[in-house]
Structure formats: C-alpha cells, structure tokens
$ cat final-v2.txt   # compact mmCIF, C-alpha atoms and all ligand atoms
# COMPACT_ATOMS: atom_id res chain seq x y z
CA MET W 1 36.00 28.22 13.30
CA LEU W 2 37.14 25.16 15.22
CA ASN W 3 33.53 24.08 15.57
CA LYS W 4 33.01 24.30 11.81
CA ILE W 5 36.02 22.09 11.14
CA LYS W 6 34.91 19.65 13.83
CA TYR W 7 31.39 19.28 12.39
CA THR W 8 32.65 19.05 8.81
CA LEU W 9 34.99 16.23 9.80
CA LEU W 10 32.22 14.52 11.76
CA SER W 11 29.82 14.64 8.82
CA MET W 12 32.52 13.35 6.46
CA PHE W 13 33.22 10.53 8.90
CA THR W 14 29.50 9.66 8.95
CA VAL W 15 29.37 9.59 5.15
CA PHE W 16 32.44 7.36 4.86
CA LYS W 17 31.17 5.07 7.60
CA HIS W 18 28.08 4.25 5.53
CA LEU W 19 29.73 4.28 2.12
CA PHE W 20 30.59 0.57 2.10
CA LYS W 21 27.56 -0.76 3.96
CA ASN W 22 24.68 -2.49 2.17
CA PRO W 23 21.62 -0.26 1.68
CA VAL W 24 18.76 -0.85 4.13
CA THR W 25 16.08 0.14 1.62
CA LEU W 26 14.92 -1.49 -1.61
CA GLU W 27 14.33 0.10 -4.98
CA TYR W 28 10.58 -0.30 -4.74
CA PRO W 29 8.59 -1.15 -6.84
CA GLU W 30 11.27 -2.90 -8.93
CA LYS W 31 12.33 -4.85 -5.86
CA ARG W 32 10.04 -6.08 -3.11
CA ILE W 33 10.54 -7.57 0.32
CA THR W 34 9.47 -11.07 1.24
CA PRO W 35 7.38 -10.52 4.38
CA PRO W 36 8.46 -12.44 7.49
CA GLU W 37 6.52 -15.51 8.57
CA LYS W 38 4.27 -13.75 11.09
CA PHE W 39 3.59 -10.71 8.91
CA ARG W 40 0.08 -9.28 9.32
CA GLY W 41 -1.20 -8.26 5.90
CA LYS W 42 -4.44 -8.58 3.95
CA ILE W 43 -7.03 -10.77 5.67
CA SER W 44 -8.69 -13.82 4.15
CA VAL W 45 -11.51 -15.95 5.50
CA SER W 46 -12.24 -19.60 4.84
CA GLY W 47 -14.34 -22.06 6.82
CA CYS W 48 -16.03 -19.45 8.99
CA VAL W 49 -18.98 -20.70 11.07
CA SER W 50 -20.25 -17.22 11.92
CA CYS W 51 -19.68 -17.53 15.69
CA GLY W 52 -18.93 -13.81 16.01
CA THR W 53 -15.86 -14.12 18.25
CA CYS W 54 -13.65 -12.12 15.90
CA ARG W 55 -16.16 -9.30 15.76
CA LYS W 56 -16.16 -9.09 19.56
CA VAL W 57 -12.37 -8.90 19.85
CA CYS W 58 -11.83 -6.49 16.95
CA PRO W 59 -10.79 -3.18 18.54
CA SER W 60 -11.61 -1.07 15.50
CA GLY W 61 -15.03 -2.41 14.53
CA ALA W 62 -13.76 -3.58 11.15
CA ILE W 63 -15.78 -6.80 11.13
CA GLU W 64 -19.45 -7.04 10.34
CA ILE W 65 -21.38 -10.29 10.25
CA THR W 66 -24.81 -10.50 8.70
CA GLU W 67 -27.03 -13.50 8.08
CA ASN W 68 -25.37 -14.23 4.74
CA GLU W 69 -22.11 -12.33 4.72
CA PHE W 70 -18.88 -11.81 6.57
CA ILE W 71 -17.53 -8.34 5.86
CA ILE W 72 -14.12 -6.90 6.75
CA ASP W 73 -13.47 -3.25 6.17
CA LEU W 74 -9.72 -2.91 5.62
CA LYS W 75 -10.04 0.87 5.93
CA LYS W 76 -10.82 0.37 9.61
CA CYS W 77 -8.55 -2.62 10.25
CA ILE W 78 -5.37 -1.88 12.21
CA PHE W 79 -3.90 -5.36 11.48
CA CYS W 80 -3.60 -6.20 15.17
CA GLY W 81 -4.23 -9.90 14.54
CA ASN W 82 -6.81 -10.34 17.34
CA CYS W 83 -9.35 -11.91 14.98
CA GLN W 84 -6.86 -14.53 13.80
CA PHE W 85 -5.64 -15.25 17.33
CA TYR W 86 -9.10 -15.74 18.86
CA CYS W 87 -10.91 -17.49 16.00
CA PRO W 88 -11.75 -20.95 17.41
CA HIS W 89 -11.89 -22.45 13.90
CA LYS W 90 -8.73 -20.85 12.49
CA ALA W 91 -10.93 -19.50 9.72
CA ILE W 92 -9.48 -16.01 9.53
CA LYS W 93 -5.90 -15.33 8.52
CA LEU W 94 -3.74 -12.30 8.02
CA GLY W 95 -1.66 -13.00 4.93
CA ASP W 96 1.48 -11.50 3.47
CA GLU W 97 -0.11 -9.10 0.99
CA TYR W 98 0.88 -5.57 1.94
CA GLU W 99 0.32 -3.51 -1.19
CA LEU W 100 -3.17 -2.36 -0.30
CA ALA W 101 -3.02 1.29 -1.34
CA THR W 102 -5.81 2.09 -3.78
CA ASP W 103 -7.98 4.94 -4.99
CA ASN W 104 -10.98 2.62 -4.99
CA GLN W 105 -12.21 2.51 -1.39
CA ASP W 106 -14.80 -0.13 -2.22
CA SER W 107 -12.04 -2.63 -2.97
CA LEU W 108 -11.00 -2.44 0.69
CA LYS W 109 -14.28 -3.94 1.79
CA LEU W 110 -13.88 -7.71 1.70
CA VAL W 111 -17.14 -9.60 1.50
CA TYR W 112 -17.36 -13.35 2.04
CA GLU W 113 -20.66 -15.05 1.48
CA PHE W 114 -21.62 -17.92 3.76
CA TYR W 115 -22.40 -21.21 2.09
CA LYS W 116 -26.15 -21.63 2.32
CA GLY W 117 -26.14 -25.40 1.62
CA GLY W 118 -28.84 -27.58 0.08
CA GLU W 119 -31.02 -26.86 -2.91
S1 LIG B 201 -13.85 -15.95 11.40
FE1 LIG B 201 -13.67 -17.34 13.12
S2 LIG B 201 -14.16 -16.11 14.93
FE2 LIG B 201 -14.88 -14.99 13.15
S3 LIG B 201 -17.04 -15.55 12.97
FE3 LIG B 201 -15.84 -16.92 11.64
S4 LIG B 201 -15.43 -18.73 12.88
FE4 LIG B 201 -16.05 -17.10 14.29
S1 LIG B 202 -6.71 -7.52 12.44
FE1 LIG B 202 -7.49 -6.50 14.29
S2 LIG B 202 -8.46 -4.65 13.52
FE2 LIG B 202 -8.19 -6.00 11.77
S3 LIG B 202 -10.13 -7.09 11.58
FE3 LIG B 202 -8.75 -8.35 12.84
S4 LIG B 202 -9.20 -7.78 14.94
FE4 LIG B 202 -10.05 -6.19 13.64
$ encode --input "final-v2.txt" --output "structure tokens"
Amino acid sequence: MLNKIKYTLLSMFTVFKHLFKNPVTLEYPEKRITPPEKFRGKISVSGCVSCGTCRKVCPSGAIEITENEFIIDLKKCIFCGNCQFYCPHKAIKLGDEYELATDNQDSLKLVYEFYKGGE
C-alpha cells in the first residue's frame, strides 16, 4: 500500500515537473527544424574531377564513378561525411536536406554527368 502511494506521488511529481517546460519535439510536418551548420544531409556534387578519392573512402560503397557519370546511391549512404572530408577539390557536400523518405527508390540514386567539353 505504501509503495503504491509512493509511486503515485512520484509519477505525479514527474508530470508536474514537465508541465511548464517547453516541448522538446516539433509538430512535424507543420513545423520543421533548421538543421545545425554541420548537419549531414542530402549530398550534392559540383566541380568534380573524377579523381576517385571519395569512392575509396566511402565505407558503404555508395559511390560509383563511370567514364561519364558520378553516381551516389543514398540508399547505401550512411551520411558519415568521409567523401566531403577527403575530397581534394571540395566538390562533394552534404547539405541540410533531411526529408529523404520516398516510395520511389530510383529517386535516391543521384546521377551527375561529367562535362565532356568541346564540340
Ligand atoms: S567528388 Fe571529389 S573526391 Fe570524389 S571524385 Fe570528385 S573530385 Fe574526387
Ligand atoms: S557520406 Fe559516407 S557513406 Fe555517404 S557517400 Fe559519403 S562517404 Fe559514402
């Protein structure tokens, strides 16, 4: 009996303790967070010279480089940031886009074509 009273009081105390605090969650999707500066979200590539460094340091094999294309498979990517860190040309960046859930798996394959140059 004493235990029941003790735990009831404890749970009431816990409820009251949090009653006047600000919520730690947002009413998604009406409200969204602004990702912090170093957030690792959707990858973009610009100015790549096809050196292959990022492919070598990618632990999940998410990067494929062909003669004409640079392909990132976001289904495999674990957003570790290695590719961005080691790219000698700062050509690959993890941005702040985090809403990547989709029922279209093909849209998670990012394909960048290399500029062929000349006529
Ligand atoms: S993104 Fe950077 S590291 Fe990767 S192939 Fe291009 S230039 Fe090299
Ligand atoms: S963030 Fe990590 S897992 Fe994703 S492509 Fe870059 S190196 Fe690979």
$ residues_near_ligand --input "final-v2.txt" --ligand "ligand LIG 202 (chain B)" --cutoff "8 Å" --atoms "only C-alpha atoms and all ligand atoms" --output "ChimeraX atom specification"
/W:40,43,54-55,57-63,72-74,76-84,94
$ residues_near_ligand --input "final-v2.txt" --ligand "ligand LIG 201 (chain B)" --cutoff "10 Å" --atoms "all atoms listed in the file" --output "ChimeraX atom specification"
/W:44-58,63-65,70,82-93,114
$ atom_distance --input "final-v2.txt" --atom1 "atom CA of W:Ala101" --atom2 "atom CA of W:Val24"
22.6 Å
$ atom_distance --input "final-v2.txt" --atom1 "atom CA of W:Glu37" --atom2 "atom CA of W:Tyr98"
13.2 Å
$ residues_near_point --input "final-v2.txt" --point "(-14.4, -1.0, 1.2)" --cutoff "7 Å" --atoms "all atoms listed in the file" --output "compact mmCIF listing (two decimals) with C-alpha atoms, keeping the file's coordinate frame"
# COMPACT_ATOMS: atom_id res chain seq x y z
CA ASP W 73 -13.47 -3.25 6.17
CA LEU W 74 -9.72 -2.91 5.62
CA LYS W 75 -10.04 0.87 5.93
CA GLN W 105 -12.21 2.51 -1.39
CA ASP W 106 -14.80 -0.13 -2.22
CA SER W 107 -12.04 -2.63 -2.97
CA LEU W 108 -11.00 -2.44 0.69
CA LYS W 109 -14.28 -3.94 1.79
CA LEU W 110 -13.88 -7.71 1.70
$ residues_near_point --input "final-v2.txt" --point "(-21.4, -11.6, 3.1)" --cutoff "7 Å" --atoms "only C-alpha atoms" --output "PyMOL selection string"
chain W and resi 66+68-71+111-114
$ closest_residue --input "final-v2.txt" --among "W:Asn3, W:Gly95, W:Asn22, W:Lys17" --to "W:Thr34" --atoms "all atoms listed in the file"
W:Gly95
$ atom_distance --input "final-v2.txt" --atom1 "atom CA of W:Glu27" --atom2 "atom CA of W:Leu10"
28.4 Å
$ decode --input "final-v2.txt" --residues "stretch 50-91 of chain W" --atoms "N, CA and C atoms" --output "CSV table (one decimal), in the first residue's frame"
chain,number,residue,atom,x,y,z
W,50,SER,N,36.7,13.7,-61.0
W,50,SER,CA,36.7,12.3,-61.1
W,50,SER,C,38.0,11.6,-60.6
W,51,CYS,N,38.5,12.1,-59.5
W,51,CYS,CA,39.8,11.5,-59.0
W,51,CYS,C,39.5,10.2,-58.3
W,52,GLY,N,38.3,10.0,-57.8
W,52,GLY,CA,38.0,8.7,-57.2
W,52,GLY,C,38.3,8.6,-55.7
W,53,THR,N,38.8,9.6,-55.1
W,53,THR,CA,39.2,9.6,-53.7
W,53,THR,C,37.9,9.3,-52.8
W,54,CYS,N,36.8,9.9,-53.1
W,54,CYS,CA,35.6,9.7,-52.3
W,54,CYS,C,35.1,8.3,-52.4
W,55,ARG,N,35.3,7.7,-53.5
W,55,ARG,CA,34.8,6.3,-53.7
W,55,ARG,C,35.7,5.4,-52.8
W,56,LYS,N,37.0,5.7,-52.7
W,56,LYS,CA,37.9,4.9,-51.9
W,56,LYS,C,37.6,5.0,-50.4
W,57,VAL,N,37.2,6.2,-50.0
W,57,VAL,CA,37.0,6.3,-48.5
W,57,VAL,C,35.5,6.1,-48.1
W,58,CYS,N,34.7,5.8,-49.0
W,58,CYS,CA,33.2,5.6,-48.7
W,58,CYS,C,33.1,4.2,-48.1
W,59,PRO,N,32.7,4.1,-46.8
W,59,PRO,CA,32.7,2.8,-46.1
W,59,PRO,C,31.5,1.9,-46.6
W,60,SER,N,30.5,2.5,-47.3
W,60,SER,CA,29.3,1.7,-47.6
W,60,SER,C,29.2,1.4,-49.1
W,61,GLY,N,30.2,1.8,-49.9
W,61,GLY,CA,30.1,1.6,-51.3
W,61,GLY,C,29.0,2.3,-52.0
W,62,ALA,N,28.7,3.5,-51.5
W,62,ALA,CA,27.6,4.2,-52.1
W,62,ALA,C,27.9,5.0,-53.4
W,63,ILE,N,29.2,5.1,-53.6
W,63,ILE,CA,29.7,6.0,-54.7
W,63,ILE,C,30.2,5.1,-55.9
W,64,GLU,N,29.7,5.5,-57.1
W,64,GLU,CA,30.2,4.8,-58.3
W,64,GLU,C,30.6,5.8,-59.3
W,65,ILE,N,31.7,5.6,-59.9
W,65,ILE,CA,32.2,6.6,-60.9
W,65,ILE,C,32.4,5.9,-62.2
W,66,THR,N,31.7,6.3,-63.2
W,66,THR,CA,32.0,5.7,-64.5
W,66,THR,C,32.7,6.8,-65.4
W,67,GLU,N,32.9,6.5,-66.6
W,67,GLU,CA,33.5,7.4,-67.5
W,67,GLU,C,32.8,8.7,-67.6
W,68,ASN,N,31.5,8.7,-67.6
W,68,ASN,CA,30.7,9.9,-67.8
W,68,ASN,C,29.9,10.3,-66.6
W,69,GLU,N,29.8,9.5,-65.6
W,69,GLU,CA,28.8,9.8,-64.6
W,69,GLU,C,29.4,9.6,-63.2
W,70,PHE,N,28.9,10.4,-62.3
W,70,PHE,CA,29.2,10.2,-60.8
W,70,PHE,C,27.9,9.8,-60.2
W,71,ILE,N,27.8,8.7,-59.6
W,71,ILE,CA,26.6,8.2,-59.0
W,71,ILE,C,26.7,8.0,-57.5
W,72,ILE,N,25.7,8.5,-56.8
W,72,ILE,CA,25.6,8.3,-55.3
W,72,ILE,C,24.3,7.6,-55.1
W,73,ASP,N,24.4,6.5,-54.4
W,73,ASP,CA,23.2,5.8,-54.0
W,73,ASP,C,22.9,6.1,-52.6
W,74,LEU,N,21.9,7.0,-52.4
W,74,LEU,CA,21.5,7.4,-51.0
W,74,LEU,C,20.9,6.2,-50.2
W,75,LYS,N,20.5,5.2,-50.8
W,75,LYS,CA,20.0,4.0,-50.0
W,75,LYS,C,21.2,3.4,-49.3
W,76,LYS,N,22.4,3.5,-49.8
W,76,LYS,CA,23.5,2.8,-49.2
W,76,LYS,C,24.3,3.8,-48.3
W,77,CYS,N,24.1,5.1,-48.6
W,77,CYS,CA,24.9,6.1,-47.8
W,77,CYS,C,24.5,6.1,-46.3
W,78,ILE,N,25.5,6.2,-45.5
W,78,ILE,CA,25.3,6.3,-44.0
W,78,ILE,C,25.6,7.7,-43.5
W,79,PHE,N,25.8,8.7,-44.5
W,79,PHE,CA,26.0,10.1,-44.1
W,79,PHE,C,27.1,10.3,-43.1
W,80,CYS,N,28.2,9.6,-43.3
W,80,CYS,CA,29.3,9.7,-42.4
W,80,CYS,C,30.1,10.9,-42.7
W,81,GLY,N,30.1,11.4,-44.0
W,81,GLY,CA,30.8,12.7,-44.3
W,81,GLY,C,32.2,12.4,-44.8
W,82,ASN,N,32.7,11.2,-44.9
W,82,ASN,CA,34.1,10.9,-45.4
W,82,ASN,C,34.3,11.5,-46.7
W,83,CYS,N,33.4,11.4,-47.6
W,83,CYS,CA,33.6,11.8,-49.0
W,83,CYS,C,33.8,13.3,-49.0
W,84,GLN,N,33.0,14.1,-48.3
W,84,GLN,CA,33.2,15.5,-48.2
W,84,GLN,C,34.5,15.9,-47.6
W,85,PHE,N,34.9,15.2,-46.5
W,85,PHE,CA,36.1,15.5,-45.8
W,85,PHE,C,37.4,15.3,-46.6
W,86,TYR,N,37.4,14.2,-47.4
W,86,TYR,CA,38.6,13.8,-48.1
W,86,TYR,C,38.6,14.3,-49.6
W,87,CYS,N,37.5,14.9,-50.1
W,87,CYS,CA,37.6,15.4,-51.5
W,87,CYS,C,38.6,16.5,-51.6
W,88,PRO,N,39.6,16.3,-52.4
W,88,PRO,CA,40.7,17.4,-52.5
W,88,PRO,C,40.2,18.6,-53.2
W,89,HIS,N,39.0,18.6,-53.9
W,89,HIS,CA,38.5,19.7,-54.7
W,89,HIS,C,37.3,20.3,-54.0
W,90,LYS,N,36.9,19.9,-52.9
W,90,LYS,CA,35.7,20.3,-52.2
W,90,LYS,C,34.5,20.3,-53.1
W,91,ALA,N,34.4,19.2,-53.9
W,91,ALA,CA,33.4,19.1,-54.9
W,91,ALA,C,32.1,18.4,-54.4
